[in-house]
Structures are given as C-alpha cells and as structure tokens.
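See below for my_file.pdb, which holds PDB, C-alpha atoms and all ligand atoms.
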ATOM      1  CA  MET V  72     104.939  87.503 126.464
ATOM      2  CA  ILE V  73     108.654  87.134 125.823
ATOM      3  CA  ILE V  74     110.292  89.675 123.517
ATOM      4  CA  ASP V  75     113.912  89.330 122.402
ATOM      5  CA  VAL V  76     115.636  92.052 120.397
ATOM      6  CA  VAL V  77     119.015  91.591 118.695
ATOM      7  CA  SER V  78     120.888  94.720 117.575
ATOM      8  CA  ILE V  79     124.393  96.135 117.159
ATOM      9  CA  PHE V  80     123.063  99.196 119.031
ATOM     10  CA  PRO V  81     121.320  97.670 122.097
ATOM     11  CA  GLU V  82     121.269 101.082 123.786
ATOM     12  CA  TYR V  83     118.839 102.192 121.033
ATOM     13  CA  LEU V  84     116.207 100.054 122.781
ATOM     14  CA  ALA V  85     116.645 101.772 126.171
ATOM     15  CA  PRO V  86     113.359 103.735 125.797
ATOM     16  CA  LEU V  87     111.569 100.414 126.232
ATOM     17  CA  ASP V  88     112.509 100.654 129.938
ATOM     18  CA  LEU V  89     110.288 103.717 130.249
ATOM     19  CA  SER V  90     106.626 104.329 130.886
ATOM     20  CA  LEU V  91     103.979 101.694 130.209
ATOM     21  CA  ILE V  92     106.316  99.178 128.633
ATOM     22  CA  GLY V  93     108.744  99.544 131.504
ATOM     23  CA  LYS V  94     105.927  99.034 133.989
ATOM     24  CA  ALA V  95     104.697  95.965 132.097
ATOM     25  CA  ARG V  96     108.200  94.535 132.347
ATOM     26  CA  ARG V  97     108.364  95.238 136.090
ATOM     27  CA  ASP V  98     104.906  93.689 136.486
ATOM     28  CA  GLY V  99     106.123  90.590 134.700
ATOM     29  CA  LEU V 100     103.599  90.949 131.870
ATOM     30  CA  ILE V 101     106.398  91.281 129.350
ATOM     31  CA  ASP V 102     109.858  89.746 129.563
ATOM     32  CA  LEU V 103     111.965  91.883 127.208
ATOM     33  CA  ARG V 104     115.630  91.021 126.621
ATOM     34  CA  VAL V 105     117.994  92.990 124.388
ATOM     35  CA  HIS V 106     121.064  91.279 122.937
ATOM     36  CA  ASP V 107     124.171  92.806 121.350
ATOM     37  CA  LEU V 108     124.816  91.091 118.014
ATOM     38  CA  ARG V 109     128.563  91.647 118.457
ATOM     39  CA  GLU V 110     128.534  89.093 121.320
ATOM     40  CA  PHE V 111     128.171  86.544 118.540
ATOM     41  CA  ALA V 112     130.969  87.924 116.311
ATOM     42  CA  HIS V 113     134.274  86.345 117.343
ATOM     43  CA  ASP V 114     136.889  87.714 114.983
ATOM     44  CA  ARG V 115     139.374  90.294 116.298
ATOM     45  CA  HIS V 116     137.247  93.244 115.135
ATOM     46  CA  ARG V 117     133.945  91.549 116.039
ATOM     47  CA  SER V 118     132.827  92.382 112.506
ATOM     48  CA  VAL V 119     129.177  91.941 111.621
ATOM     49  CA  ASP V 120     129.228  93.155 108.032
ATOM     50  CA  ASP V 121     131.161  92.757 104.807
ATOM     51  CA  THR V 122     131.029  93.769 101.129
ATOM     52  CA  PRO V 123     128.156  92.477  98.975
ATOM     53  CA  TYR V 124     128.714  89.585  96.535
ATOM     54  CA  GLY V 125     127.709  90.754  93.089
ATOM     55  CA  GLY V 126     129.006  94.224  93.857
ATOM     56  CA  GLY V 127     126.972  97.302  94.686
ATOM     57  CA  ALA V 128     127.317 100.034  97.272
ATOM     58  CA  GLY V 129     127.242  99.556 101.030
ATOM     59  CA  MET V 130     127.744  96.521 103.233
ATOM     60  CA  VAL V 131     125.734  93.392 104.036
ATOM     61  CA  MET V 132     125.365  91.858 107.498
ATOM     62  CA  LYS V 133     127.320  88.589 107.728
ATOM     63  CA  PRO V 134     125.350  85.356 108.261
ATOM     64  CA  GLN V 135     127.373  83.743 111.062
ATOM     65  CA  PRO V 136     126.792  86.293 113.864
ATOM     66  CA  TRP V 137     123.050  86.350 113.160
ATOM     67  CA  ALA V 138     122.801  82.560 112.967
ATOM     68  CA  GLU V 139     124.698  82.230 116.254
ATOM     69  CA  ALA V 140     122.463  84.844 117.905
ATOM     70  CA  LEU V 141     119.291  83.093 116.741
ATOM     71  CA  ASP V 142     120.654  79.666 117.716
ATOM     72  CA  HIS V 143     121.374  81.109 121.172
ATOM     73  CA  LEU V 144     117.809  82.401 121.545
ATOM     74  CA  VAL V 145     116.275  79.080 120.513
ATOM     75  CA  ALA V 146     118.677  77.094 122.727
ATOM     76  CA  SER V 147     117.720  79.320 125.694
ATOM     77  CA  ALA V 148     114.129  78.050 125.477
ATOM     78  CA  PRO V 149     113.272  75.587 128.266
ATOM     79  CA  ASP V 150     111.397  73.327 125.853
ATOM     80  CA  GLU V 151     110.547  73.014 122.165
ATOM     81  CA  ARG V 152     109.102  76.529 122.091
ATOM     82  CA  ARG V 153     110.173  78.778 119.239
ATOM     83  CA  PRO V 154     109.928  82.545 118.811
ATOM     84  CA  ARG V 155     108.244  84.166 115.833
ATOM     85  CA  LEU V 156     111.054  86.103 114.127
ATOM     86  CA  VAL V 157     110.210  89.642 113.013
ATOM     87  CA  VAL V 158     112.672  91.494 110.804
ATOM     88  CA  PRO V 159     111.722  95.147 110.234
ATOM     89  CA  GLY V 160     112.704  96.146 106.733
ATOM     90  CA  PRO V 161     111.666  98.402 103.869
ATOM     91  CA  GLY V 162     110.882  95.316 101.810
ATOM     92  CA  GLY V 163     108.405  93.863 104.269
ATOM     93  CA  VAL V 164     104.644  93.487 104.517
ATOM     94  CA  PRO V 165     102.896  96.590 105.862
ATOM     95  CA  PHE V 166     102.707  96.873 109.662
ATOM     96  CA  THR V 167      99.067  97.521 110.533
ATOM     97  CA  GLN V 168      96.932  97.502 113.660
ATOM     98  CA  ALA V 169      95.616  94.111 112.516
ATOM     99  CA  LEU V 170      99.171  92.749 112.294
ATOM    100  CA  ALA V 171      99.957  94.281 115.709
ATOM    101  CA  ARG V 172      96.955  92.403 117.120
ATOM    102  CA  GLU V 173      98.193  89.207 115.481
ATOM    103  CA  LEU V 174     101.707  89.630 116.930
ATOM    104  CA  ALA V 175     100.240  90.404 120.370
ATOM    105  CA  GLN V 176      98.837  86.874 120.398
ATOM    106  CA  GLU V 177     102.316  85.354 120.061
ATOM    107  CA  PRO V 178     103.826  84.006 123.296
ATOM    108  CA  TRP V 179     107.372  84.780 122.071
ATOM    109  CA  LEU V 180     108.614  87.355 119.586
ATOM    110  CA  ALA V 181     112.206  87.880 118.447
ATOM    111  CA  PHE V 182     113.093  91.089 116.574
ATOM    112  CA  ALA V 183     116.199  91.253 114.382
ATOM    113  CA  CYS V 184     117.449  94.793 113.785
ATOM    114  CA  GLY V 185     119.056  94.885 110.367
ATOM    115  CA  ARG V 186     121.428  97.632 109.260
ATOM    116  CA  TYR V 187     123.475  98.558 106.222
ATOM    117  CA  GLU V 188     122.003  97.121 103.003
ATOM    118  CA  GLY V 189     120.408  94.238 104.864
ATOM    119  CA  ILE V 190     121.094  90.801 106.284
ATOM    120  CA  ASP V 191     122.577  87.927 104.217
ATOM    121  CA  GLU V 192     119.552  86.069 102.795
ATOM    122  CA  ARG V 193     120.835  82.754 104.137
ATOM    123  CA  VAL V 194     120.033  83.957 107.667
ATOM    124  CA  TYR V 195     116.336  83.990 106.761
ATOM    125  CA  GLU V 196     116.741  80.501 105.246
ATOM    126  CA  HIS V 197     118.564  79.280 108.372
ATOM    127  CA  ALA V 198     115.880  80.691 110.660
ATOM    128  CA  GLU V 199     113.036  79.156 108.644
ATOM    129  CA  HIS V 200     114.453  75.811 107.566
ATOM    130  CA  ASP V 201     117.130  74.938 110.157
ATOM    131  CA  LEU V 202     115.497  76.492 113.244
ATOM    132  CA  GLY V 203     111.883  76.068 112.169
ATOM    133  CA  LEU V 204     110.997  79.688 112.923
ATOM    134  CA  GLU V 205     108.154  81.596 111.330
ATOM    135  CA  VAL V 206     109.902  84.619 109.770
ATOM    136  CA  SER V 207     108.017  87.851 109.071
ATOM    137  CA  VAL V 208     109.681  90.769 107.280
ATOM    138  CA  ILE V 209     107.548  93.771 108.244
ATOM    139  CA  SER V 210     107.709  97.361 107.035
ATOM    140  CA  LEU V 211     106.656 100.424 109.018
ATOM    141  CA  GLY V 212     106.207 102.365 105.820
ATOM    142  CA  ASP V 213     107.631 103.133 102.410
ATOM    143  CA  TYR V 214     110.807 104.875 103.483
ATOM    144  CA  VAL V 215     114.284 103.731 104.442
ATOM    145  CA  LEU V 216     115.767 103.974 107.941
ATOM    146  CA  ASN V 217     119.413 103.300 108.750
ATOM    147  CA  GLY V 218     118.447 100.289 110.797
ATOM    148  CA  GLY V 219     115.618  98.327 112.340
ATOM    149  CA  GLU V 220     115.932  99.686 115.881
ATOM    150  CA  VAL V 221     113.536 102.615 115.452
ATOM    151  CA  ALA V 222     111.048 100.315 113.716
ATOM    152  CA  VAL V 223     111.324  97.816 116.584
ATOM    153  CA  LEU V 224     110.594 100.563 119.139
ATOM    154  CA  ALA V 225     107.396 101.373 117.252
ATOM    155  CA  MET V 226     106.365  97.752 116.718
ATOM    156  CA  VAL V 227     107.074  96.709 120.309
ATOM    157  CA  GLU V 228     105.044  99.657 121.632
ATOM    158  CA  ALA V 229     102.134  98.914 119.256
ATOM    159  CA  VAL V 230     102.154  95.216 120.187
ATOM    160  CA  ALA V 231     102.898  95.425 123.924
ATOM    161  CA  ARG V 232     100.064  97.884 124.587
ATOM    162  CA  LEU V 233      97.627  95.267 123.293
ATOM    163  CA  VAL V 234      98.808  92.659 125.812
ATOM    164  CA  PRO V 235      96.090  92.315 128.479
ATOM    165  CA  GLY V 236      96.988  94.246 131.609
ATOM    166  CA  VAL V 237      99.602  96.493 130.012
ATOM    167  CA  ILE V 238      97.125  99.319 129.411
ATOM    168  CA  GLY V 239      94.979  99.854 132.487
ATOM    169  CA  ASN V 240      91.859 101.024 130.719
ATOM    170  CA  ALA V 241      91.112  98.407 128.062
ATOM    171  CA  GLU V 242      88.252 100.678 127.043
ATOM    172  CA  SER V 243      90.726 103.079 125.442
ATOM    173  CA  LEU V 244      91.961 100.282 123.167
ATOM    174  CA  VAL V 245      88.613  99.927 121.508
ATOM    175  CA  GLU V 246      87.851 103.369 120.073
ATOM    176  CA  GLU V 247      91.178 103.940 118.376
ATOM    177  CA  SER V 248      92.151 104.747 114.833
ATOM    178  CA  HIS V 249      92.286 101.668 112.620
ATOM    179  CA  GLU V 250      90.534  99.431 115.117
ATOM    180  CA  ASP V 251      87.552  99.372 112.767
ATOM    181  CA  GLY V 252      88.884 100.903 109.597
ATOM    182  CA  LEU V 253      88.121 104.526 110.403
ATOM    183  CA  LEU V 254      90.305 107.292 111.828
ATOM    184  CA  GLU V 255      89.488 108.631 115.291
ATOM    185  CA  TYR V 256      87.120 111.546 116.002
ATOM    186  CA  PRO V 257      88.388 114.922 117.299
ATOM    187  CA  VAL V 258      88.690 115.142 121.086
ATOM    188  CA  TYR V 259      88.167 118.079 123.486
ATOM    189  CA  THR V 260      88.607 118.781 127.182
ATOM    190  CA  LYS V 261      88.168 121.749 129.541
ATOM    191  CA  PRO V 262      87.669 124.669 129.225
ATOM    192  CA  ALA V 263      84.475 124.606 127.107
ATOM    193  CA  SER V 264      85.286 128.136 125.937
ATOM    194  CA  TRP V 265      88.985 128.859 125.439
ATOM    195  CA  GLU V 266      90.623 132.139 124.577
ATOM    196  CA  SER V 267      93.297 130.863 122.211
ATOM    197  CA  ALA V 268      94.665 134.332 121.465
ATOM    198  CA  PRO V 269      93.748 137.894 122.526
ATOM    199  CA  GLY V 270      90.128 138.339 121.496
ATOM    200  CA  VAL V 271      89.923 134.858 119.932
ATOM    201  CA  THR V 272      87.618 132.363 121.710
ATOM    202  CA  ARG V 273      87.354 128.744 120.574
ATOM    203  CA  GLU V 274      84.387 126.632 121.697
ATOM    204  CA  VAL V 275      83.853 122.910 122.178
ATOM    205  CA  PRO V 276      81.173 121.609 119.749
ATOM    206  CA  PRO V 277      77.891 122.048 121.718
ATOM    207  CA  VAL V 278      76.725 118.473 121.018
ATOM    208  CA  LEU V 279      79.540 117.230 123.263
ATOM    209  CA  LEU V 280      78.131 119.265 126.170
ATOM    210  CA  SER V 281      74.535 118.208 125.469
ATOM    211  CA  GLY V 282      74.526 114.976 127.449
ATOM    212  CA  ASP V 283      72.634 113.423 124.525
ATOM    213  CA  HIS V 284      74.737 110.271 124.116
ATOM    214  CA  GLY V 285      72.968 109.209 120.934
ATOM    215  CA  ALA V 286      73.655 112.564 119.291
ATOM    216  CA  ILE V 287      77.256 112.488 120.550
ATOM    217  CA  ALA V 288      77.843 108.998 119.122
ATOM    218  CA  ALA V 289      76.313 110.043 115.800
ATOM    219  CA  TRP V 290      78.409 113.214 115.651
ATOM    220  CA  ARG V 291      81.587 111.248 116.449
ATOM    221  CA  HIS V 292      80.867 108.664 113.773
ATOM    222  CA  GLN V 293      80.245 111.415 111.221
ATOM    223  CA  GLN V 294      83.524 113.065 112.197
ATOM    224  CA  ARG V 295      85.350 109.756 111.741
ATOM    225  CA  LEU V 296      83.874 109.308 108.268
ATOM    226  CA  GLU V 297      84.785 112.869 107.247
ATOM    227  CA  ARG V 298      88.329 112.590 108.574
ATOM    228  CA  THR V 299      88.903 109.233 106.957
ATOM    229  CA  ALA V 300      87.562 110.527 103.622
ATOM    230  CA  ALA V 301      89.855 113.544 103.856
ATOM    231  CA  ARG V 302      93.048 111.895 105.094
ATOM    232  CA  ARG V 303      92.782 108.211 104.239
ATOM    233  CA  PRO V 304      90.398 107.661 101.317
ATOM    234  CA  ASP V 305      92.242 104.396 100.729
ATOM    235  CA  LEU V 306      90.769 103.043 103.952
ATOM    236  CA  LEU V 307      87.250 103.932 102.767
ATOM    237  CA  HIS V 308      87.770 102.538  99.279
ATOM    238  CA  ALA V 309      89.222  99.344 100.781
ATOM    239  CA  SER V 310      86.012  98.754 102.750
ATOM    240  CA  GLN V 311      83.874  99.808  99.728
ATOM    241  CA  ALA V 312      85.959  97.498  97.519
ATOM    242  CA  VAL V 313      85.163  94.600  99.794
ATOM    243  CA  ARG V 314      81.464  95.563  99.795
ATOM    244  CA  GLY V 315      81.648  96.090  96.013
ATOM    245  CA  THR V 316      82.963  92.616  95.250
ATOM    246  CA  ALA V 317      80.504  91.119  97.692
ATOM    247  CA  GLY V 318      77.793  93.166  95.897
ATOM    248  CA  ALA V 319      78.992  91.945  92.514
ATOM    249  CA  ALA V 320      79.038  88.384  93.726
ATOM    250  CA  GLY V 321      75.585  88.913  95.197
ATOM    251  CA  THR V 322      74.015  90.360  92.004
TER     252      THR V 322
HETATM  253  C1  LIG B   1     116.563  94.121 107.316
HETATM  254  O1  LIG B   1     117.514  94.951 106.708
HETATM  255  C2  LIG B   1     117.393  96.316 106.829
HETATM  256  C3  LIG B   1     118.210  97.107 106.043
HETATM  257  C4  LIG B   1     118.139  98.494 106.154
HETATM  258  C5  LIG B   1     117.278  99.096 107.045
HETATM  259  C6  LIG B   1     116.456  98.311 107.827
HETATM  260  C7  LIG B   1     115.551  98.964 108.798
HETATM  261  O2  LIG B   1     114.214  98.941 108.400
HETATM  262  C8  LIG B   1     113.742  99.990 107.599
HETATM  263  O3  LIG B   1     114.486 100.757 107.027
HETATM  264  C9  LIG B   1     112.274 100.106 107.502
HETATM  265  C10 LIG B   1     111.367  99.382 108.219
HETATM  266  N1  LIG B   1     110.154  99.804 107.844
HETATM  267  N2  LIG B   1     110.268 100.751 106.881
HETATM  268  C11 LIG B   1     111.580 100.950 106.677
HETATM  269  C12 LIG B   1     116.510  96.910 107.730
END
Can you dump the structure from the file as structure tokens?
Amino acid sequence: MIIDVVSIFPEYLAPLDLSLIGKARRDGLIDLRVHDLREFAHDRHRSVDDTPYGGGAGMVMKPQPWAEALDHLVASAPDERRPRLVVPGPGGVPFTQALARELAQEPWLAFACGRYEGIDERVYEHAEHDLGLEVSVISLGDYVLNGGEVAVLAMVEAVARLVPGVIGNAESLVEESHEDGLLEYPVYTKPASWESAPGVTREVPPVLLSGDHGAIAAWRHQQRLERTAARRPDLLHASQAVRGTAGAAGT
C-alpha cells in the first residue's frame, strides 16, 4: 500500500516512523511519503491561504498549491493508477472500523491535511473531475481540530494495522471493538489476586481461571453486551433497527 500525506506541517506526521507503522514501512508493506504543501506555493511568501470570498472569519486554503500538489502525486504514478483522496474534516462522513477496512483495501491512499477554515471547494472539484480521483471527506468525530494532521495520524494507524503482515498476530484483529458491532470484553492478566491498596485485594473473575472455554466465551459475550448497552446503546439499537425493519418486512 502506498500512502501519501500532504500537509503544511509535515513534521506532524513524524510519529508514523515509530513502532508498528515504522516497521511496516521498513518491511516494505507500506510506502508512506509525506509532502510539504509549501513546496507547491511559489509566491515570495509561499502563501497557502487567503481571506474567504463572501466574508467571514479566518482564512481559506488557496486552490493552486493543492492542485499542484495533487497533480504532482498523480504524475508520479508509473501508470494510469490513481490514489483515493481522503480529506479529514469536521464535515465528513463518520470514520468507522468498517470504513477503515474499506480504505485498507485501497492500493493507494492520499491524505490532504486541511487547516484554517478549510480548502477552496474547487480543489475537490479539480481532484474529482480533472484528475478523476475518488474523494472522501471523512470525520473522526463531531469536534473541530486546527488541522487534519492529527486525524490523519489516527486514520493511517487504523488503516495500516489492517494491512496483512503489519500486525503479527492477525488473531488480535478479530476480537476487537466494533469488528462485529459490540464493544470489547474486560481483560485481565497476572496476578490472579492483586493487592491494589493496603488491605484491598482485587480478584480476576473465577470463570477466566476455570479452563471452561465455553463458559469463558459466554461470559465474555455477556460482558460485551452489557458494556455496549451501557456505553454505546446506539450500536445496539442500530443492530436492533436493522432486525426490526427486517422483522417488519417479514411480518
Ligand atoms: C478540510 O478542512 C479542514 C478545516 C479545519 C480542520 C480540519 C481538520 O479536520 C477536523 O477538524 C476534523 C476531522 N474529524 N473531525 C474533525 C480540516
């Protein structure tokens, strides 16, 4: 998988050199390239933003530097291949584990890190209609960051770890939160009996020490249901909603 990231703060993406993602890059599983948007701004101040037409507070990112950066990425491709363009933004579709799985199937992703009040809309039009890119505006959540870099760190980590070979134990990818619509069960490790404070001992649930794998699986599933009901009832209702409509249709 090829991942390009364009940002006015390329050093923000340095953490992607670390740990599992860094190893995946060294192993050649992921080819990640970070580009400084200012390389494509040619005026004396290498400006990438200007005041918004129509008025309003803040600044908007100019179209030309972005268009030149995207043109450069596409031109760098050896053949007709095109990246899928992802623009993290508060106005995007929700980033979910399902969308991470979808992006992990893409051979080439390009992330555009917006800042200020956003990127001139004509950049999205240029990418889609002049470059023929699929453009996805994706939101991490309903809050506003100063720029897309932090969102890209999260999205790249969520996507890259799904690329075969990046995570050694593929087993651990299966039983995770959101893989099947439920949150994960509580986990424990040694010691079985732990003195958490003077005179206070905390035990591991006995079922987990029983060796009865059926009982353990049942307990874990029950824990997942209880946690999801408590913390994410929307996830439960979503699945019930689907069942409900199916039920209605089936009546
Ligand atoms: C594309 O233009 C902009 C403008 C401003 C900030 C950002 C960064 O993204 C977010 O703020 C965000 C991402 N998910 N939830 C919030 C992008």
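What the PyMOL selection byres (((not hetatm)) within 6 of (chain B and resi 1)) grabs from this file is Val158, Pro159, Gly160, Pro161, Gly185, Arg186, Tyr187, Glu188, Gly189, Ile190, Ser210, Leu211, Gly212, Asp213, Tyr214, Val215, Leu216, Asn217, Gly218, Gly219 and Ala222 of chain V.
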Expected residue set, 12 Å radius at (83.6, 109.1, 110.5), all atoms listed in the file, as a short mmCIF file (atom, residue, chain, number, x, y, z; two decimals) with C-alpha atoms, keeping the file's coordinate frame:
data_model
loop_
_atom_site.label_atom_id
_atom_site.label_comp_id
_atom_site.auth_asym_id
_atom_site.auth_seq_id
_atom_site.Cartn_x
_atom_site.Cartn_y
_atom_site.Cartn_z
CA GLU V 246 87.85 103.37 120.07
CA SER V 248 92.15 104.75 114.83
CA HIS V 249 92.29 101.67 112.62
CA ASP V 251 87.55 99.37 112.77
CA GLY V 252 88.88 100.90 109.60
CA LEU V 253 88.12 104.53 110.40
CA LEU V 254 90.30 107.29 111.83
CA GLU V 255 89.49 108.63 115.29
CA TYR V 256 87.12 111.55 116.00
CA PRO V 257 88.39 114.92 117.30
CA ALA V 288 77.84 109.00 119.12
CA ALA V 289 76.31 110.04 115.80
CA TRP V 290 78.41 113.21 115.65
CA ARG V 291 81.59 111.25 116.45
CA HIS V 292 80.87 108.66 113.77
CA GLN V 293 80.24 111.42 111.22
CA GLN V 294 83.52 113.06 112.20
CA ARG V 295 85.35 109.76 111.74
CA LEU V 296 83.87 109.31 108.27
CA GLU V 297 84.78 112.87 107.25
CA ARG V 298 88.33 112.59 108.57
CA THR V 299 88.90 109.23 106.96
CA ALA V 300 87.56 110.53 103.62
CA ALA V 301 89.86 113.54 103.86
CA ARG V 302 93.05 111.90 105.09
CA ARG V 303 92.78 108.21 104.24
CA PRO V 304 90.40 107.66 101.32
CA LEU V 306 90.77 103.04 103.95
CA LEU V 307 87.25 103.93 102.77
#
What is the atom CA of V:Glu228 to atom CA of V:Ser78 distance in Å?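 It comes out at 17.1 Å.
Atom to atom, atom CA of V:Gly163 and atom CA of V:Glu205 stand 14.2 Å apart.
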In Å, with one decimal, what is the gap from atom CA of V:Arg152 to atom CA of V:Ala181?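 If I compute the distance from atom CA of V:Arg152 to atom CA of V:Ala181, I get 12.3 Å.
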Nearest residue to V:Leu170 out of V:Val230, V:Leu144, V:Met130, V:Ile101, using only C-alpha atoms? V:Val230
V:Ala148, V:Met72, V:Leu233, V:Ala169: which is nearest V:Asp98, counting only C-alpha atoms? V:Met72
Residues returned when the PyMOL selection byres (((chain V and resi 174) around 10) and not hetatm) runs on this file, as a tab-separated table (two decimals) with C-alpha atoms, in the frame of the given file:
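For reference, expr-v8.tsv as written:
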chain	number	residue	atom	x	y	z
V	155	ARG	CA	108.24	84.17	115.83
V	157	VAL	CA	110.21	89.64	113.01
V	168	GLN	CA	96.93	97.50	113.66
V	169	ALA	CA	95.62	94.11	112.52
V	170	LEU	CA	99.17	92.75	112.29
V	171	ALA	CA	99.96	94.28	115.71
V	172	ARG	CA	96.96	92.40	117.12
V	173	GLU	CA	98.19	89.21	115.48
V	175	ALA	CA	100.24	90.40	120.37
V	176	GLN	CA	98.84	86.87	120.40
V	177	GLU	CA	102.32	85.35	120.06
V	178	PRO	CA	103.83	84.01	123.30
V	179	TRP	CA	107.37	84.78	122.07
V	180	LEU	CA	108.61	87.36	119.59
V	226	MET	CA	106.36	97.75	116.72
V	227	VAL	CA	107.07	96.71	120.31
V	229	ALA	CA	102.13	98.91	119.26
V	230	VAL	CA	102.15	95.22	120.19
V	231	ALA	CA	102.90	95.42	123.92
V	233	LEU	CA	97.63	95.27	123.29
V	234	VAL	CA	98.81	92.66	125.81
Near stretch 81-86 of chain V, counting only C-alpha atoms, which residues have an atom at most 7 Å away, once you skip same-chain residues fewer than 6 positions from it, shown as a VMD selection string? chain V and resid 105 to 107 220 224
Shortest interatomic distance to V:Ile209 - which of V:Val223, V:Val164, V:Gly126, V:Tyr195, counting only C-alpha atoms: V:Val164
Could you name the residues that touch stretch 260-263 of chain V at 10 Å or less, counting all atoms listed in the file, but leaving out those on the same chain fewer than 3 positions away, as a PyMOL selection string? chain V and resi 266+272-277+279-280
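If only C-alpha atoms are the atoms counted, then among V:Ala183, V:Ala112, V:Leu202, V:Val208 the closest residue to V:Gly162 is V:Val208.
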Expand the PyMOL selection byres (((chain V and resi 139) around 12) and not hetatm) into the individual residues it matches in the shown file, reporting them as a ChimeraX atom specification. /V:77,106-113,119,133-138,140-146,194,197-198,202
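Among the candidate residues V:His284, V:Arg193, V:Arg232, V:Arg153, the one lying nearest to V:Ile92 is V:Arg232, with distances computed using only C-alpha atoms.
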Please determine, counting all atoms listed in the file, which residue among V:Asp150, V:Asp120, V:Asp102, V:Glu192 has the shortest atom-to-atom distance to V:Leu87.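 The answer is V:Asp102, which sits nearest to V:Leu87.
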Regenerate stretch 126-144 of chain V at the level of N, CA, C and O atoms and dump it as a PDB file, keeping the file's coordinate frame.
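Final output, saved to out_38.pdb:
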ATOM      1  N   GLY V 126     128.698  92.798  93.928  1.00  0.00           N
ATOM      2  CA  GLY V 126     129.006  94.224  93.857  1.00  0.00           C
ATOM      3  C   GLY V 126     127.847  95.067  94.342  1.00  0.00           C
ATOM      4  O   GLY V 126     126.841  94.558  94.841  1.00  0.00           O
ATOM      5  N   GLY V 127     127.998  96.367  94.200  1.00  0.00           N
ATOM      6  CA  GLY V 127     126.972  97.302  94.686  1.00  0.00           C
ATOM      7  C   GLY V 127     127.509  98.074  95.878  1.00  0.00           C
ATOM      8  O   GLY V 127     128.499  97.675  96.480  1.00  0.00           O
ATOM      9  N   ALA V 128     126.849  99.153  96.197  1.00  0.00           N
ATOM     10  CA  ALA V 128     127.317 100.034  97.272  1.00  0.00           C
ATOM     11  C   ALA V 128     126.961  99.429  98.635  1.00  0.00           C
ATOM     12  O   ALA V 128     126.139  98.514  98.734  1.00  0.00           O
ATOM     13  N   GLY V 129     127.587  99.918  99.655  1.00  0.00           N
ATOM     14  CA  GLY V 129     127.242  99.556 101.030  1.00  0.00           C
ATOM     15  C   GLY V 129     127.758  98.199 101.453  1.00  0.00           C
ATOM     16  O   GLY V 129     128.541  97.555 100.766  1.00  0.00           O
ATOM     17  N   MET V 130     127.281  97.777 102.629  1.00  0.00           N
ATOM     18  CA  MET V 130     127.744  96.521 103.233  1.00  0.00           C
ATOM     19  C   MET V 130     126.530  95.658 103.559  1.00  0.00           C
ATOM     20  O   MET V 130     125.404  96.153 103.694  1.00  0.00           O
ATOM     21  N   VAL V 131     126.800  94.359 103.690  1.00  0.00           N
ATOM     22  CA  VAL V 131     125.734  93.392 104.036  1.00  0.00           C
ATOM     23  C   VAL V 131     126.091  92.753 105.386  1.00  0.00           C
ATOM     24  O   VAL V 131     127.274  92.519 105.671  1.00  0.00           O
ATOM     25  N   MET V 132     125.094  92.481 106.188  1.00  0.00           N
ATOM     26  CA  MET V 132     125.365  91.858 107.498  1.00  0.00           C
ATOM     27  C   MET V 132     125.704  90.383 107.297  1.00  0.00           C
ATOM     28  O   MET V 132     124.968  89.652 106.623  1.00  0.00           O
ATOM     29  N   LYS V 133     126.827  89.959 107.907  1.00  0.00           N
ATOM     30  CA  LYS V 133     127.320  88.589 107.728  1.00  0.00           C
ATOM     31  C   LYS V 133     126.335  87.576 108.319  1.00  0.00           C
ATOM     32  O   LYS V 133     125.657  87.855 109.309  1.00  0.00           O
ATOM     33  N   PRO V 134     126.306  86.358 107.748  1.00  0.00           N
ATOM     34  CA  PRO V 134     125.350  85.356 108.261  1.00  0.00           C
ATOM     35  C   PRO V 134     125.730  84.760 109.623  1.00  0.00           C
ATOM     36  O   PRO V 134     124.852  84.559 110.470  1.00  0.00           O
ATOM     37  N   GLN V 135     127.017  84.515 109.862  1.00  0.00           N
ATOM     38  CA  GLN V 135     127.373  83.743 111.062  1.00  0.00           C
ATOM     39  C   GLN V 135     126.946  84.394 112.367  1.00  0.00           C
ATOM     40  O   GLN V 135     126.315  83.729 113.204  1.00  0.00           O
ATOM     41  N   PRO V 136     127.225  85.699 112.585  1.00  0.00           N
ATOM     42  CA  PRO V 136     126.792  86.293 113.864  1.00  0.00           C
ATOM     43  C   PRO V 136     125.286  86.175 114.079  1.00  0.00           C
ATOM     44  O   PRO V 136     124.824  85.843 115.168  1.00  0.00           O
ATOM     45  N   TRP V 137     124.514  86.430 113.029  1.00  0.00           N
ATOM     46  CA  TRP V 137     123.050  86.350 113.160  1.00  0.00           C
ATOM     47  C   TRP V 137     122.614  84.920 113.468  1.00  0.00           C
ATOM     48  O   TRP V 137     121.781  84.691 114.367  1.00  0.00           O
ATOM     49  N   ALA V 138     123.194  83.958 112.743  1.00  0.00           N
ATOM     50  CA  ALA V 138     122.801  82.560 112.967  1.00  0.00           C
ATOM     51  C   ALA V 138     123.142  82.156 114.391  1.00  0.00           C
ATOM     52  O   ALA V 138     122.327  81.534 115.089  1.00  0.00           O
ATOM     53  N   GLU V 139     124.291  82.586 114.884  1.00  0.00           N
ATOM     54  CA  GLU V 139     124.698  82.230 116.254  1.00  0.00           C
ATOM     55  C   GLU V 139     123.775  82.897 117.272  1.00  0.00           C
ATOM     56  O   GLU V 139     123.365  82.276 118.263  1.00  0.00           O
ATOM     57  N   ALA V 140     123.378  84.135 116.989  1.00  0.00           N
ATOM     58  CA  ALA V 140     122.463  84.844 117.905  1.00  0.00           C
ATOM     59  C   ALA V 140     121.115  84.134 117.949  1.00  0.00           C
ATOM     60  O   ALA V 140     120.560  83.886 119.029  1.00  0.00           O
ATOM     61  N   LEU V 141     120.608  83.757 116.789  1.00  0.00           N
ATOM     62  CA  LEU V 141     119.291  83.093 116.741  1.00  0.00           C
ATOM     63  C   LEU V 141     119.373  81.700 117.372  1.00  0.00           C
ATOM     64  O   LEU V 141     118.488  81.303 118.133  1.00  0.00           O
ATOM     65  N   ASP V 142     120.465  80.985 117.101  1.00  0.00           N
ATOM     66  CA  ASP V 142     120.654  79.666 117.716  1.00  0.00           C
ATOM     67  C   ASP V 142     120.644  79.809 119.234  1.00  0.00           C
ATOM     68  O   ASP V 142     120.043  79.019 119.949  1.00  0.00           O
ATOM     69  N   HIS V 143     121.290  80.874 119.719  1.00  0.00           N
ATOM     70  CA  HIS V 143     121.374  81.109 121.172  1.00  0.00           C
ATOM     71  C   HIS V 143     119.976  81.344 121.752  1.00  0.00           C
ATOM     72  O   HIS V 143     119.626  80.782 122.797  1.00  0.00           O
ATOM     73  N   LEU V 144     119.172  82.129 121.052  1.00  0.00           N
ATOM     74  CA  LEU V 144     117.809  82.401 121.545  1.00  0.00           C
ATOM     75  C   LEU V 144     117.012  81.114 121.635  1.00  0.00           C
ATOM     76  O   LEU V 144     116.377  80.822 122.643  1.00  0.00           O
TER      77      LEU V 144
END
